[in-house]
file protein-v1.cif (mmCIF, C-alpha atoms)
data_query
loop_
_atom_site.label_atom_id
_atom_site.label_comp_id
_atom_site.auth_asym_id
_atom_site.auth_seq_id
_atom_site.Cartn_x
_atom_site.Cartn_y
_atom_site.Cartn_z
CA MET E 1248 0.00 0.00 0.00
CA ASN E 1249 1.44 3.39 -0.84
CA LEU E 1250 1.88 6.11 1.68
CA ALA E 1251 -0.92 8.38 0.52
CA LYS E 1252 -3.48 5.57 0.62
CA TYR E 1253 -2.32 4.52 4.05
CA ALA E 1254 -2.60 8.10 5.30
CA ALA E 1255 -6.10 8.39 3.83
CA MET E 1256 -7.17 5.24 5.67
CA LEU E 1257 -5.81 6.57 8.95
CA VAL E 1258 -7.73 9.79 8.47
CA LYS E 1259 -10.93 7.86 7.86
CA ASN E 1260 -10.53 5.83 11.05
CA LYS E 1261 -9.68 8.88 13.07
CA ILE E 1262 -12.59 10.88 11.73
CA LEU E 1263 -14.93 8.03 12.63
CA ILE E 1264 -13.67 7.90 16.20
CA LEU E 1265 -13.77 11.67 16.48
CA SER E 1266 -17.37 11.84 15.27
CA LEU E 1267 -18.38 9.34 17.94
CA PHE E 1268 -16.67 11.48 20.54
CA LEU E 1269 -18.39 14.56 19.23
CA LEU E 1270 -21.79 12.88 19.45
CA LEU E 1271 -21.14 11.85 23.03
CA TRP E 1272 -19.93 15.36 23.76
CA ILE E 1273 -23.12 16.96 22.45
CA LEU E 1274 -25.25 14.49 24.39
CA ILE E 1275 -23.55 15.25 27.70
CA TYR E 1276 -23.39 18.97 27.09
CA LEU E 1277 -27.08 19.31 26.29
CA ASN E 1278 -28.12 17.33 29.36
CA LEU E 1279 -25.85 18.91 31.94
CA THR E 1280 -28.70 20.72 33.72
CA VAL E 1281 -30.62 17.47 34.04
CA PHE E 1282 -27.56 15.64 35.38
CA THR E 1283 -26.80 18.39 37.86
CA ASP E 1284 -30.40 18.57 39.10
CA PHE E 1285 -30.36 14.80 39.49
CA ILE E 1286 -27.14 14.75 41.50
CA VAL E 1287 -27.92 17.75 43.68
CA TYR E 1288 -31.61 17.21 44.40
CA SER E 1289 -32.21 13.47 43.96
CA ILE E 1290 -28.96 11.84 45.06
CA ALA E 1291 -27.64 14.35 47.58
CA GLY E 1292 -31.16 15.36 48.57
CA LEU E 1293 -30.29 19.02 49.09
CA GLU E 1294 -33.03 21.55 49.62
CA LYS E 1295 -33.67 24.20 47.01
CA ASP E 1296 -33.06 27.89 47.68
CA MET E 1297 -30.30 27.47 50.20
CA HIS E 1298 -26.89 29.12 50.02
CA LEU E 1299 -25.04 25.83 50.17
CA THR E 1300 -27.24 24.17 47.56
CA SER E 1301 -26.84 27.08 45.23
CA ALA E 1302 -23.05 27.00 45.58
CA ILE E 1303 -22.86 23.23 45.08
CA TRP E 1304 -25.20 23.31 42.09
CA PHE E 1305 -23.06 26.01 40.48
CA PHE E 1306 -19.89 23.95 41.01
CA ILE E 1307 -21.27 20.63 39.76
CA TYR E 1308 -22.77 22.29 36.71
CA GLU E 1309 -19.91 24.60 35.73
CA VAL E 1310 -16.89 22.32 36.09
CA PRO E 1311 -17.92 19.69 33.50
CA LYS E 1312 -19.39 22.36 31.25
CA VAL E 1313 -16.22 24.43 31.11
CA LEU E 1314 -14.01 21.35 30.77
CA LEU E 1315 -16.14 20.03 27.91
CA LEU E 1316 -15.92 23.35 26.09
CA LEU E 1317 -12.21 23.52 26.77
CA VAL E 1318 -11.50 20.11 25.27
CA LEU E 1319 -13.46 20.91 22.11
CA VAL E 1320 -12.00 24.35 21.50
CA VAL E 1321 -8.42 23.44 22.39
CA PHE E 1322 -8.65 20.54 19.96
CA ALA E 1323 -9.90 22.78 17.17
CA VAL E 1324 -7.31 25.46 17.92
CA GLY E 1325 -4.60 22.76 17.98
CA ILE E 1326 -5.53 21.79 14.45
CA ILE E 1327 -5.66 25.41 13.27
CA ARG E 1328 -2.28 26.15 14.86
CA SER E 1329 -0.66 23.25 13.01
CA TYR E 1330 -1.02 25.37 9.88
CA PHE E 1331 1.00 28.17 11.46
CA SER E 1332 4.45 28.47 12.95
CA PRO E 1333 6.45 31.40 14.32
CA ASP E 1334 8.68 31.12 11.26
CA ARG E 1335 5.84 31.39 8.81
CA THR E 1336 4.36 34.28 10.76
CA ARG E 1337 7.67 36.09 10.63
CA LYS E 1338 7.88 35.64 6.89
CA MET E 1339 4.37 37.02 6.50
CA LEU E 1340 5.18 40.06 8.61
CA GLY E 1341 8.47 40.96 6.95
CA GLY E 1342 8.36 44.20 4.99
CA LYS E 1343 4.81 45.06 6.01
CA SER E 1344 4.11 48.71 6.61
CA LEU E 1345 2.87 50.06 9.90
CA LEU E 1346 -0.84 49.59 10.59
CA THR E 1347 -1.23 46.85 7.95
CA GLY E 1348 1.59 45.10 9.77
CA ASN E 1349 -0.02 45.76 13.16
CA ILE E 1350 -3.36 44.39 12.06
CA LEU E 1351 -1.79 41.29 10.55
CA ALA E 1352 0.52 40.74 13.55
CA SER E 1353 -2.32 40.97 16.06
CA THR E 1354 -4.46 38.53 14.11
CA LEU E 1355 -1.58 36.11 13.66
CA GLY E 1356 -0.90 36.44 17.39
CA ILE E 1357 -4.13 34.54 18.00
CA VAL E 1358 -3.36 31.56 15.78
CA THR E 1359 0.43 31.22 15.97
CA PRO E 1360 1.58 28.68 18.55
CA PHE E 1361 3.23 30.75 21.25
CA CYS E 1362 4.57 30.12 24.69
CA SER E 1363 5.51 33.04 26.90
CA CYS E 1364 8.82 31.33 27.66
CA SER E 1365 9.73 31.85 24.00
CA ALA E 1366 8.89 35.56 24.10
CA ILE E 1367 12.53 36.65 23.94
CA PRO E 1368 13.84 34.46 21.10
CA LEU E 1369 10.70 35.30 19.20
CA PHE E 1370 11.02 39.03 19.81
CA LEU E 1371 14.67 38.95 18.74
CA GLY E 1372 13.99 36.81 15.71
CA PHE E 1373 11.27 39.18 14.53
CA VAL E 1374 13.17 42.40 15.10
CA GLN E 1375 16.37 41.08 13.53
CA SER E 1376 14.76 39.91 10.37
CA GLY E 1377 13.37 43.38 9.85
CA VAL E 1378 9.86 43.14 11.28
CA PRO E 1379 9.24 46.68 12.65
CA LEU E 1380 9.32 47.09 16.43
CA GLY E 1381 5.71 48.24 16.66
CA VAL E 1382 4.49 45.30 14.59
CA THR E 1383 6.45 42.90 16.81
CA PHE E 1384 4.78 44.41 19.86
CA SER E 1385 1.33 43.99 18.33
CA PHE E 1386 2.11 40.29 18.11
CA LEU E 1387 3.46 40.12 21.65
CA ILE E 1388 0.37 41.83 23.06
CA ALA E 1389 -2.22 39.79 21.17
CA ALA E 1390 -0.59 36.37 21.59
CA PRO E 1391 -1.02 35.97 25.35
CA MET E 1392 -4.11 38.17 25.78
CA ILE E 1393 -6.37 36.50 23.23
CA ASN E 1394 -5.99 32.82 23.90
CA GLU E 1395 -8.31 29.89 23.50
CA VAL E 1396 -8.63 29.23 27.23
CA ALA E 1397 -9.82 32.77 27.89
CA LEU E 1398 -12.28 32.65 25.00
CA VAL E 1399 -13.72 29.28 26.07
CA LEU E 1400 -14.27 30.45 29.61
CA LEU E 1401 -15.85 33.69 28.49
CA PHE E 1402 -18.11 31.86 26.10
CA GLY E 1403 -19.03 29.21 28.66
CA LEU E 1404 -19.68 31.52 31.57
CA PHE E 1405 -20.86 34.74 29.93
CA GLY E 1406 -22.07 33.81 26.46
CA TRP E 1407 -20.78 34.45 22.98
CA LYS E 1408 -21.31 38.20 23.02
CA THR E 1409 -18.84 38.77 25.82
CA ALA E 1410 -16.34 36.38 24.24
CA LEU E 1411 -16.57 38.25 20.95
CA LEU E 1412 -16.33 41.57 22.75
CA TYR E 1413 -13.21 40.46 24.57
CA MET E 1414 -11.63 39.23 21.39
CA SER E 1415 -12.36 42.31 19.34
CA THR E 1416 -11.33 44.81 22.01
CA GLY E 1417 -8.20 42.76 22.70
CA LEU E 1418 -7.36 42.91 18.99
CA ILE E 1419 -7.94 46.65 18.87
CA ILE E 1420 -5.69 47.21 21.89
CA ALA E 1421 -2.94 45.08 20.34
CA ILE E 1422 -3.20 46.87 16.98
CA LEU E 1423 -3.27 50.40 18.38
CA SER E 1424 -0.65 49.87 21.10
CA GLY E 1425 1.75 48.38 18.56
CA TYR E 1426 0.99 51.20 16.14
CA ILE E 1427 1.68 53.85 18.78
CA ILE E 1428 4.91 52.15 19.88
CA GLY E 1429 5.92 52.02 16.22
CA ARG E 1430 5.20 55.70 15.68
CA LEU E 1431 7.19 56.71 18.77
CA LYS E 1432 10.40 55.38 17.14
CA LEU E 1433 11.72 53.60 20.19
CA GLU E 1434 14.37 51.47 18.52
CA LYS E 1435 17.01 53.26 20.58
CA TYR E 1436 15.65 51.57 23.69
CA VAL E 1437 16.35 48.11 22.37
CA GLU E 1438 19.67 46.73 23.65
CA PRO E 1439 22.18 47.46 20.86
CA TRP E 1440 23.53 43.91 20.62
CA VAL E 1441 20.15 42.79 19.38
CA TYR E 1442 20.79 44.42 16.03
CA GLN E 1443 24.39 43.23 15.89
CA VAL E 1444 24.21 39.51 16.47
CA LYS E 1445 23.93 37.76 13.16
CA ALA E 1446 21.72 34.76 13.26
CA ARG E 1447 22.68 31.99 10.94
CA GLN E 1448 20.26 31.10 8.24
CA LEU E 1449 18.25 28.20 9.49
CA GLU E 1450 17.34 25.51 7.04
CA MET E 1451 15.04 23.05 8.67
CA ALA E 1452 13.53 20.61 6.25
CA GLU E 1453 9.78 21.09 6.04
CA GLU E 1454 8.29 17.69 6.55
CA LYS E 1455 5.26 16.54 4.69
CA VAL E 1456 2.34 17.02 7.05
CA PHE E 1457 -0.66 14.75 6.66
CA PHE E 1458 -4.05 15.54 8.07
CA THR E 1459 -3.63 12.79 10.66
CA ASP E 1460 -0.64 14.71 11.96
CA ARG E 1461 -2.88 17.73 12.41
CA ILE E 1462 -5.45 15.65 14.27
CA ASN E 1463 -2.61 14.39 16.46
CA ALA E 1464 -1.51 17.99 17.01
CA GLY E 1465 -5.05 18.78 18.19
CA MET E 1466 -5.04 15.87 20.59
CA ASP E 1467 -1.60 16.77 21.90
CA ALA E 1468 -2.82 20.30 22.54
CA VAL E 1469 -5.78 18.93 24.50
CA LYS E 1470 -3.51 16.73 26.61
CA GLU E 1471 -1.04 19.49 27.27
CA ILE E 1472 -3.39 22.39 27.96
CA VAL E 1473 -6.11 20.54 29.83
CA ALA E 1474 -3.48 18.88 32.04
CA LYS E 1475 -2.05 22.29 32.77
CA VAL E 1476 -5.17 24.34 33.48
CA TRP E 1477 -7.85 22.00 34.83
CA ILE E 1478 -6.82 22.50 38.43
CA TYR E 1479 -7.04 26.30 38.07
CA ILE E 1480 -10.45 25.97 36.53
CA VAL E 1481 -11.71 23.76 39.35
CA ILE E 1482 -10.31 26.09 42.03
CA GLY E 1483 -11.57 29.16 40.18
CA ILE E 1484 -15.06 27.70 39.86
CA ALA E 1485 -15.00 26.64 43.52
CA VAL E 1486 -14.22 30.22 44.58
CA GLY E 1487 -16.81 31.45 42.10
CA ALA E 1488 -19.34 29.02 43.56
CA GLY E 1489 -18.66 30.37 47.06
CA ILE E 1490 -19.24 33.93 45.88
CA HIS E 1491 -22.29 32.79 43.93
CA GLY E 1492 -23.90 31.14 46.94
CA TYR E 1493 -22.91 33.39 49.81
CA VAL E 1494 -22.07 36.92 48.72
CA PRO E 1495 -25.21 39.06 48.72
CA GLU E 1496 -26.63 40.46 45.47
CA ASN E 1497 -25.23 43.87 44.56
CA PHE E 1498 -22.43 43.50 47.06
CA MET E 1499 -19.90 44.53 44.43
CA ALA E 1500 -21.99 47.37 43.02
CA GLY E 1501 -20.38 50.01 45.25
CA LEU E 1502 -16.87 48.66 44.81
CA MET E 1503 -16.75 47.60 41.19
CA GLY E 1504 -19.94 49.10 39.89
CA LYS E 1505 -20.42 51.79 37.31
CA SER E 1506 -21.03 54.55 39.79
CA ALA E 1507 -17.51 54.18 41.12
CA TRP E 1508 -15.51 56.01 38.41
CA TRP E 1509 -12.19 55.04 39.96
CA SER E 1510 -12.91 51.35 39.81
CA VAL E 1511 -11.52 50.89 36.27
CA PRO E 1512 -8.00 52.26 36.88
CA ILE E 1513 -7.86 50.52 40.27
CA ALA E 1514 -8.84 47.22 38.66
CA VAL E 1515 -5.98 47.63 36.15
CA ILE E 1516 -3.45 48.63 38.82
CA ILE E 1517 -4.37 45.55 40.85
CA GLY E 1518 -4.49 43.37 37.77
CA VAL E 1519 -1.09 44.10 36.21
CA PRO E 1520 1.14 42.64 38.96
CA MET E 1521 -1.22 39.74 39.46
CA TYR E 1522 0.05 36.61 37.89
CA SER E 1523 -2.70 34.25 36.94
CA ASN E 1524 -3.91 32.61 33.81
CA ALA E 1525 -7.31 32.96 32.25
CA ALA E 1526 -8.38 29.63 33.72
CA GLY E 1527 -8.10 30.80 37.31
CA ILE E 1528 -9.36 34.33 36.99
CA ILE E 1529 -12.46 34.13 34.80
CA PRO E 1530 -14.72 31.96 37.02
CA ILE E 1531 -14.08 34.40 39.88
CA VAL E 1532 -14.75 37.33 37.63
CA GLN E 1533 -18.04 35.81 36.54
CA ALA E 1534 -19.23 35.58 40.12
CA LEU E 1535 -18.22 39.20 40.75
CA LEU E 1536 -20.18 40.31 37.74
CA GLU E 1537 -23.23 38.52 39.01
CA LYS E 1538 -23.00 40.42 42.27
CA GLY E 1539 -23.17 43.83 40.70
CA ALA E 1540 -19.70 44.56 39.36
CA SER E 1541 -19.92 46.29 35.99
CA LEU E 1542 -18.80 44.63 32.77
CA GLY E 1543 -16.24 47.28 31.81
CA THR E 1544 -14.48 47.13 35.16
CA VAL E 1545 -14.42 43.36 35.14
CA LEU E 1546 -13.19 43.24 31.54
CA ALA E 1547 -10.39 45.68 32.34
CA PHE E 1548 -9.39 43.63 35.35
CA MET E 1549 -9.34 40.43 33.34
CA MET E 1550 -7.34 41.89 30.45
CA SER E 1551 -4.71 43.36 32.74
CA VAL E 1552 -4.29 40.08 34.59
CA ILE E 1553 -4.07 37.93 31.47
CA GLY E 1554 -2.48 40.26 28.95
CA LEU E 1555 -0.05 42.26 31.04
CA SER E 1556 1.82 40.20 33.50
CA LEU E 1557 4.72 41.78 35.29
CA PRO E 1558 6.89 38.66 35.62
CA GLU E 1559 6.67 38.01 31.89
CA THR E 1560 7.38 41.62 31.06
CA ILE E 1561 10.43 41.64 33.29
CA ILE E 1562 11.92 38.77 31.26
CA LEU E 1563 12.04 41.25 28.38
CA LYS E 1564 14.49 43.37 30.36
CA LYS E 1565 17.30 41.24 28.93
CA VAL E 1566 16.66 42.76 25.52
CA LEU E 1567 14.83 46.03 26.16
CA LYS E 1568 15.74 49.10 28.18
CA LEU E 1569 13.46 49.97 31.08
CA GLN E 1570 12.07 53.05 29.30
CA LEU E 1571 10.65 50.89 26.53
CA ILE E 1572 9.17 48.39 28.98
CA GLY E 1573 7.61 51.32 30.85
CA ILE E 1574 6.13 52.79 27.67
CA PHE E 1575 4.88 49.35 26.63
CA ILE E 1576 3.05 48.78 29.93
CA GLY E 1577 1.79 52.37 29.95
CA VAL E 1578 0.34 52.23 26.44
CA VAL E 1579 -1.35 48.86 26.92
CA ALA E 1580 -2.70 49.75 30.38
CA THR E 1581 -4.14 52.99 28.99
CA GLY E 1582 -5.82 51.04 26.22
CA ILE E 1583 -7.34 48.64 28.73
CA ILE E 1584 -8.61 51.50 30.90
CA ILE E 1585 -10.25 53.15 27.89
CA VAL E 1586 -11.95 49.84 27.00
CA GLY E 1587 -13.15 49.52 30.59
CA TYR E 1588 -14.75 52.99 30.60
CA LEU E 1589 -16.21 52.42 27.14
CA PHE E 1590 -18.03 49.29 28.24
CA ASN E 1591 -19.23 50.82 31.48
CA PHE E 1592 -20.58 53.66 29.36
CA ILE E 1593 -22.24 51.47 26.69
CA PHE E 1594 -23.79 48.85 28.95
CA THR E 1595 -25.96 50.85 31.26
CA MET Q 992 31.87 11.92 20.29
CA ASN Q 993 28.46 13.13 19.26
CA ILE Q 994 27.14 16.39 20.61
CA ILE Q 995 23.48 16.98 21.34
CA LYS Q 996 22.64 20.57 22.15
CA VAL Q 997 19.46 21.62 23.88
CA TYR Q 998 18.70 25.32 23.52
CA GLY Q 999 16.43 26.99 26.03
CA SER Q 1000 16.48 29.54 28.80
CA GLY Q 1001 14.84 27.39 31.41
CA CYS Q 1002 11.24 26.80 30.43
CA ALA Q 1003 9.55 23.59 31.52
CA ASN Q 1004 9.67 22.03 28.05
CA CYS Q 1005 13.39 22.76 27.70
CA LYS Q 1006 14.18 20.89 30.89
CA LYS Q 1007 11.94 18.06 29.83
CA LEU Q 1008 13.72 17.75 26.49
CA GLU Q 1009 17.11 17.66 28.19
CA THR Q 1010 15.94 14.92 30.55
CA MET Q 1011 14.47 12.91 27.69
CA CYS Q 1012 17.72 13.09 25.71
CA GLY Q 1013 19.66 11.94 28.76
CA GLU Q 1014 17.38 8.97 29.28
CA ILE Q 1015 17.56 7.95 25.64
CA ILE Q 1016 21.36 8.09 25.59
CA GLN Q 1017 21.54 5.90 28.66
CA GLU Q 1018 18.92 3.42 27.61
CA ASN Q 1019 20.44 2.92 24.17
CA ASN Q 1020 24.10 3.32 25.09
CA PHE Q 1021 24.56 6.08 22.53
CA ASN Q 1022 27.99 7.64 22.44
CA ALA Q 1023 26.90 11.25 22.92
CA VAL Q 1024 27.06 14.15 25.34
CA ILE Q 1025 24.35 16.71 26.03
CA GLU Q 1026 25.08 20.41 26.18
CA LYS Q 1027 22.49 22.76 27.58
CA VAL Q 1028 22.65 26.24 26.05
CA THR Q 1029 20.87 28.86 28.14
CA ASP Q 1030 22.58 32.05 26.98
CA ILE Q 1031 20.08 34.10 25.02
CA GLN Q 1032 22.66 35.45 22.58
CA GLU Q 1033 23.83 31.94 21.79
CA ILE Q 1034 20.24 30.79 21.32
CA MET Q 1035 19.66 33.72 18.99
CA LYS Q 1036 22.63 32.90 16.80
CA THR Q 1037 21.04 29.61 15.84
CA GLY Q 1038 18.14 31.42 14.21
CA ILE Q 1039 15.42 29.52 16.05
CA LEU Q 1040 12.34 31.49 17.07
CA SER Q 1041 10.98 29.36 19.84
CA THR Q 1042 12.47 27.14 22.47
CA PRO Q 1043 13.31 24.38 23.15
CA GLY Q 1044 15.69 23.88 20.24
CA LEU Q 1045 17.40 20.57 19.53
CA GLU Q 1046 20.66 20.37 17.63
CA ILE Q 1047 22.54 17.16 16.92
CA ASN Q 1048 26.12 17.40 15.63
CA GLY Q 1049 25.58 20.92 14.39
CA LYS Q 1050 22.28 20.19 12.65
CA MET Q 1051 19.15 21.87 14.00
CA ILE Q 1052 16.47 19.22 14.29
CA LEU Q 1053 13.50 20.99 15.78
CA SER Q 1054 12.36 24.03 17.71
CA GLY Q 1055 9.36 25.08 19.72
CA LYS Q 1056 7.89 21.77 20.67
CA LEU Q 1057 8.48 18.58 22.56
CA PRO Q 1058 8.71 15.43 20.44
CA THR Q 1059 7.43 12.09 21.65
CA LYS Q 1060 10.10 9.88 23.05
CA SER Q 1061 9.97 7.38 20.17
CA THR Q 1062 10.39 10.18 17.60
CA LEU Q 1063 13.29 11.56 19.57
CA VAL Q 1064 15.00 8.15 19.67
CA HIS Q 1065 14.79 7.98 15.87
CA TRP Q 1066 16.15 11.48 15.40
CA ILE Q 1067 19.10 10.84 17.65
CA GLN Q 1068 19.75 7.46 16.05
CA ASP Q 1069 19.67 8.91 12.54
CA ASN Q 1070 21.96 11.82 13.29
CA ILE Q 1071 24.76 10.37 15.36
CA ASN Q 1072 27.69 8.29 14.23
#
call {"tool": "encode", "arguments": {"input": "protein-v1.cif", "output": "structure tokens"}}
result
Amino acid sequence: MNLAKYAAMLVKNKILILSLFLLLWILIYLNLTVFTDFIVYSIAGLEKDMHLTSAIWFFIYEVPKVLLLLVLVVFAVGIIRSYFSPDRTRKMLGGKSLLTGNILASTLGIVTPFCSCSAIPLFLGFVQSGVPLGVTFSFLIAAPMINEVALVLLFGLFGWKTALLYMSTGLIIAILSGYIIGRLKLEKYVEPWVYQVKARQLEMAEEKVFFTDRINAGMDAVKEIVAKVWIYIVIGIAVGAGIHGYVPENFMAGLMGKSAWWSVPIAVIIGVPMYSNAAGIIPIVQALLEKGASLGTVLAFMMSVIGLSLPETIILKKVLKLQLIGIFIGVVATGIIIVGYLFNFIFT
Amino acid sequence: MNIIKVYGSGCANCKKLETMCGEIIQENNFNAVIEKVTDIQEIMKTGILSTPGLEINGKMILSGKLPTKSTLVHWIQDNIN
């Protein structure tokens, strides 16, 4: 049997198995409320309308729901990402003008496989090969901020509108911040050796990639990401469940509500040094929102926690002077604050 | 002597790759040493964009992801003398 035929057969088998999984997935997902009701009221025999019951119901319902969504989306994103690589992205960004470059870089930031531990080699590789500084920053802002885990949680806990809102405002912040950094001509704040070291031309043979490889890539992504974040999701939902059951309605209205004009900048100032991933922060944020916090404030908090993390930014100190890091944080934080006010203003 | 270089500034996957290489060399009695390269300028010179990077006898094999152990065994086998 020749290779192509063999590959085609593998794809067929895999697609069959995957469809069965998908069917099972839909079945469970659609009946989660029934399952939860059954466990909470019939098996555990808890009374309705009690704080504890409400917290437990929330937990038992949300954990499988979010994990189910996570598995599905991470799988799909894993497949999409197998079509992209940092190298290909760099080639696409080379020689692009400002703005066009920023838009492209921010969009590619969502789909290019990226790990924050590779931020420095990636930054250097981009800048050296002639990708403009501002365009590189657009990529570095979008890549961590708009990630599949954040989008899944937002979709699962808030609905598709909020997820879309988060994605589009995140994109706009990445595009504009990168554009502004580009216009400010800050190349002088990049450590000089960056432009001097000559990287050797890398010739890695591009292997032939079959669709089964992409399916495998999707499954690997599920294994890796779910293994990494499930515990944060469970803890986050547990804290969220506590808030959901016990904190009184409108408790957060005074603190994080619309009437408190200072709440947006404060949320960002608290959020930037906080080091958490989307998985841990969003379930808590959802509970806060339910108790009267306003969407803009919560969105700003979330973006500053996920998108701007101080420890990750400090890693960049090896290649950037402090002034540039300061400007970078300042520009992005300002963008987030504006988004926060905008949403508090729109959603009255 | 064959030289296997692992490039990475200390992320979890880089350490994992180094450990995997070590295990494979021992299990198969390969005649090779592992060098861990953590200096960012050295990493940069190779031209890779994401870590970990794996280089065997001067040939860059992969960057940015962790291979399965069986794949890694094959790569090492094919590229050492």
call {"tool": "closest_residue", "arguments": {"input": "protein-v1.cif", "among": "Q:Gly1013, Q:Thr1059, Q:Leu1053, Q:Ala1003", "to": "Lys1475 (chain E)", "atoms": "all atoms listed in the file"}}
result
Q:Ala1003
call {"tool": "closest_residue", "arguments": {"input": "protein-v1.cif", "among": "Q:Ser1061, Q:Asn1070, Q:Ser1000, Q:Asn993", "to": "Thr1042 (chain Q)", "atoms": "only C-alpha atoms"}}
result
Q:Ser1000
call {"tool": "interface_residues", "arguments": {"input": "protein-v1.cif", "of": "chain Q", "to": "chain E", "cutoff": "9 Å", "atoms": "only C-alpha atoms", "output": "PyMOL selection string"}}
result
chain Q and resi 999-1003+1031-1032+1034-1043+1050-1053+1055
call {"tool": "residues_around", "arguments": {"input": "protein-v1.cif", "residues": "region 1465-1474 of chain E", "least_positions_apart": "2", "cutoff": "6 Å", "atoms": "only C-alpha atoms", "output": "ChimeraX atom specification"}}
result
/E:1318,1321-1322,1325-1326,1462-1463,1476-1477
call {"tool": "write_last_selection", "arguments": {"input": "protein-v1.cif", "atoms": "C-alpha atoms", "output": "JSON list (two decimals), in the frame of the given file"}}
result
[["chain", "number", "residue", "atom", "x", "y", "z"],
["E", 1318, "VAL", "CA", -11.50, 20.11, 25.27],
["E", 1321, "VAL", "CA", -8.42, 23.44, 22.39],
["E", 1322, "PHE", "CA", -8.65, 20.54, 19.96],
["E", 1325, "GLY", "CA", -4.60, 22.76, 17.98],
["E", 1326, "ILE", "CA", -5.53, 21.79, 14.45],
["E", 1462, "ILE", "CA", -5.45, 15.65, 14.27],
["E", 1463, "ASN", "CA", -2.61, 14.39, 16.46],
["E", 1476, "VAL", "CA", -5.17, 24.34, 33.48],
["E", 1477, "TRP", "CA", -7.85, 22.00, 34.83]]
call {"tool": "atom_distance", "arguments": {"input": "protein-v1.cif", "atom1": "CA of Ala1464 (chain E)", "atom2": "CA of Leu1398 (chain E)"}}
result
19.9 Å
